[in-house]
Structures are given as structure tokens and as C-alpha cells.
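Have a look at the structure below before the remarks.
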Amino acid sequence: MRILQKIKREDYFKMQKNKREFSIGGLKIKIPIIQGGMGVGVSLSGLAASVANEGGVGVISAAGLGLVHRNPLLNYLEANIEGLQNEIRKAKEKSTKGVIGVNIMVAMTNFTDLVRTSISEKIDIIFSGGGLPLDLPKFLIPDSITKLVPIISSGRAAKIICDKWKSRYDYLPDAIVVEGPKAGGHLGFKKSLLENPNNSLDMIVSDVVKEVKVFEDKYKKEIPVIAGGGIYTGEDIYNIMQHGAKAVQIGTRFVTTKECDAPMKFKQIYIDASENDVEIIDSPVGMPGRAVKSSFLEKVKQGFKIPVKCPFHCIKSCNMSSSPYCIMLALYNAYKGNMNNGFAFAGTNAYKATSISTVKEIFAELLSDWQIAKDNAIKIALSGKK
């Protein structure tokens, strides 16, 4: 546990009164926990609504919805749009007062259509990574209520986005998500840099907070930094907030809940995994990714998989002429529970899951452990010990 600097006794009571609530573009979030978007089909309206009902931000993944919501009258990209509309509407029905977001990868072929659909459906927040969303504000319309939150992995990327958005659209991010190298799914780092200590989440968050503060001070707008990647416990939340994060993004922890939209076979992969089962893979998308070992991935390593024609044209950077498999099909197979032909993306702490719980139970545990970590640090600081 990191130890706070010595504080005055009277400051203790002020710290105790600090509220957990924070804002994203004026949108009040009761609990500073954002559920990470996980595709294909892992975080849909069921999980998103449940997280929102607990006071956090529930997030629908837009990836692969054309498969989850198949419509024989529509092609894949059209079905993706229809599926996103359905999931947003279902989430709002299940969580009338909660905050709902959608995660849309910049690399998706129909990124523009998915963003416009989300805005027209009046989604609360769009989270966008998998590339720099340099033009995201241009899709806002006069009556938009949607807040825009880029997902980045460096202070440099935060500065570029703030500069571009402000100069082109007179708009600054409503918040920024910083994903570190311990996250699940596609990672914003070269494979050789994942173990570099300079890329630890706390160092990246501190760097992003520093870059963002320049814009906050200059334009008098708060841009909260949200930290994600390897956040699993309440103590993790407390520790990363000492580096300037105002909230956290948690994905992996919510997979093994009753409310998660993935099938039990998918969740069981996490429960059965050991620490050594979580590995880095080369994705056809052109980025490294973190996933749980599987027979499918082993076949890929051994060269038993061969390139196939691209059935969906869903990712701009995916080169099927040299790719051994279609990642969208592999993730969809996992969503259906067909692990012989798919695999599960997962964060570095996926192996810590031992049973199925509920979203409510996870929130209770996270908040309790967070408060304990905070109280312990304050006691140490008040005692003058180091």
C-alpha cells in the first residue's frame, strides 16, 4: 500500500467527508466505477444496466453485434447498427436512472455509423479507443446529450486528442480513460513494451493527469482521468487514485457475474484459469492482446489455422490475406460457448475469479475494501509513521 504524506489531524475529517461522486461533462456519476466494454457479446444491456443501477457507468460493447443480433434481411454491418439500437434501448429500459455508455473501436469499419447511431439513440457516453478518435466530436448534433470519452495509453496521446479536438471542433474530452498494459483485449502498446516499468498504469496516469491539467487550467473545464487495466480490488482503486485518477474502469472483474451477458462456458474459462494461463497473443487486428490460453490459440501457434476469406470486413486494420483466423468469428464462437473455435480475452487478473457472484456483491466488496485501504492510509499518515 502506498503511504500518504503526513497530514494535519483536522484534515482527516475533511477527507472523511469526501464524496465518491464525480462528473463526466456535467453528468453525475454516483460511484466512480466504469464497467469496461467487452466484446463480442460479453457486455451487453444486461451487464451494463446492472452496473448502472449500482451507481456506476454500464457500458455496451458495439463489437460484433451484427452476429449477436443476426437479421437475415440485413448484411453484417446493417445488423450491427440494428443490434446496437436494440441493446441501447434495452439497457435504458432496465436502468431508467442509471448512466449507460457504449464502447466503439475506431478501427471498426462502420465506426461512423455506430457513433451516429449511439448519438441518435441519446446514449449517455461514447467511449472510443482502438486507435485515436481524432474526429469524434464532429458527429455531435445540436441536440446531442452524449458525452465523449477517448481511450488512450499515454500522455502524448492525451495531448494530441485535446489539441486536435479543441482546434478543429472547439471541444475537449468530457473525460479520458487511460488503459494500462495489464488490460484485457487489444492493448495500446507494442508487445516489447508491455513489461516496461515506465508503462505501469500509475506512471501513465500521472503523465496523463499532468498533460490534461494544462487544458483544464487554460479552458476552465474539468477533464477527469479514468484508470483501467489491472484494477481488480478496492485497494487497487484507492492506490491509483493517489496518482490523480478520479475513477476506474473495470472489465474482467464483472465477467464472472450472473448479470454478465456471456454464457456460463465463457465465465468458467476465467474461473478455471491459473495465473500462467493468461497470455499475450498476436491479434489479426494488428495489436497485441491479452487472452486466456485455449486449444484454439494453441492451434494458431502451431500453424494449424490457415488464412480464410474475410466474411465481415469489420476491422479496417485486419489483413485476412496473412491472418490465420477471423477474430470476430473467434470471439463470437466464445460468446456462444464454443471454445474449440474461439477464445476469451481477459485482463491480467482474470485468474483471481473463483466463483460466480453478482454485480451488487462486487460493488459492495470494492467499496468496502476501498474504504478500508483509505482508512488505513489515513491512520498511518496521522501517526507519522512511514
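The way I read the labels, and the way they are meant: chains A, B, ... in the order of the C-alpha cells, residue 1 as the first residue of every chain, and ligand 1 as the first ligand shown, with later ones counted on from there.
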
Legend entry - Close residues, range 250-254 of chain A itself excluded, 10 Å, only C-alpha atoms, min 5 positions apart in chain, as a ChimeraX atom specification: /A:33-38,42-43,47,51,59,183-185,227-233,237,259-260,267,270,345-353,356-359,362-363

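Excluding range 195-204 of chain A itself and any same-chain residue fewer than 5 positions from it, the protein and nucleic acid residues within 10 Å of it, counting only C-alpha atoms, are Ile152, Ser153, Ser154, Gly155, Arg156, Val178, Glu179, Gly180, Pro181, Lys182, Ala183, Phe189, Val209, Lys210, Ala227, Gly228, Gly229, Gly230, Ile231, Asn239, Ile240, Met241, Gln242, His243, Gly244 and Ala245 of chain A.
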
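Residues in contact with range 291-304 of chain A at up to 7 Å, not including ones fewer than 3 positions away on its chain and judged by only C-alpha atoms, are Gly184, Gly185, Asp277, Val278, Glu279, Ile280, Ile281, Pro324, Asn340, Asn341, Gly342, Phe343, Ala344, Phe345 and Ala346 of chain A.
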
Could you write those residues out with N, CA and C atoms, as a JSON list (two decimals), in the first residue's frame?
[["chain", "number", "residue", "atom", "x", "y", "z"],
["A", 184, "GLY", "N", -7.34, -6.31, -20.49],
["A", 184, "GLY", "CA", -7.69, -7.43, -21.34],
["A", 184, "GLY", "C", -7.99, -6.95, -22.74],
["A", 185, "GLY", "N", -8.07, -7.87, -23.67],
["A", 185, "GLY", "CA", -8.39, -7.50, -25.05],
["A", 185, "GLY", "C", -7.21, -6.84, -25.75],
["A", 277, "ASP", "N", -2.12, -19.07, -17.19],
["A", 277, "ASP", "CA", -2.99, -19.28, -18.34],
["A", 277, "ASP", "C", -3.32, -17.98, -19.07],
["A", 278, "VAL", "N", -3.05, -16.85, -18.46],
["A", 278, "VAL", "CA", -3.35, -15.56, -19.09],
["A", 278, "VAL", "C", -2.11, -15.13, -19.87],
["A", 279, "GLU", "N", -2.27, -14.99, -21.19],
["A", 279, "GLU", "CA", -1.10, -14.77, -22.05],
["A", 279, "GLU", "C", -1.34, -13.65, -23.06],
["A", 280, "ILE", "N", -0.24, -13.21, -23.66],
["A", 280, "ILE", "CA", -0.30, -12.20, -24.72],
["A", 280, "ILE", "C", -0.33, -12.91, -26.07],
["A", 281, "ILE", "N", -1.24, -12.48, -26.93],
["A", 281, "ILE", "CA", -1.36, -13.07, -28.26],
["A", 281, "ILE", "C", -1.19, -12.00, -29.33],
["A", 324, "PRO", "N", -4.34, -15.87, -39.66],
["A", 324, "PRO", "CA", -4.68, -17.29, -39.57],
["A", 324, "PRO", "C", -6.15, -17.54, -39.21],
["A", 340, "ASN", "N", -13.73, -24.48, -28.60],
["A", 340, "ASN", "CA", -12.83, -25.19, -29.51],
["A", 340, "ASN", "C", -12.50, -24.33, -30.73],
["A", 341, "ASN", "N", -13.36, -23.37, -30.99],
["A", 341, "ASN", "CA", -13.16, -22.49, -32.14],
["A", 341, "ASN", "C", -13.13, -21.02, -31.75],
["A", 342, "GLY", "N", -12.79, -20.75, -30.51],
["A", 342, "GLY", "CA", -12.73, -19.38, -30.05],
["A", 342, "GLY", "C", -11.89, -19.24, -28.81],
["A", 343, "PHE", "N", -11.81, -18.04, -28.28],
["A", 343, "PHE", "CA", -11.03, -17.79, -27.07],
["A", 343, "PHE", "C", -11.60, -16.60, -26.33],
["A", 344, "ALA", "N", -11.19, -16.45, -25.08],
["A", 344, "ALA", "CA", -11.69, -15.38, -24.23],
["A", 344, "ALA", "C", -10.61, -14.35, -23.97],
["A", 345, "PHE", "N", -10.86, -13.11, -24.35],
["A", 345, "PHE", "CA", -10.00, -12.02, -23.93],
["A", 345, "PHE", "C", -10.15, -11.86, -22.42],
["A", 346, "ALA", "N", -9.10, -11.42, -21.75],
["A", 346, "ALA", "CA", -9.16, -11.27, -20.29],
["A", 346, "ALA", "C", -8.04, -10.38, -19.79]]

Legend entry - Given only C-alpha atoms as the counted atoms, nearest of A:Gln249, A:Asn71, A:Ser323, A:Ser206 to Asp282 in chain A: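 That would be A:Ser323, the residue with the smallest distance to Asp282 in chain A.
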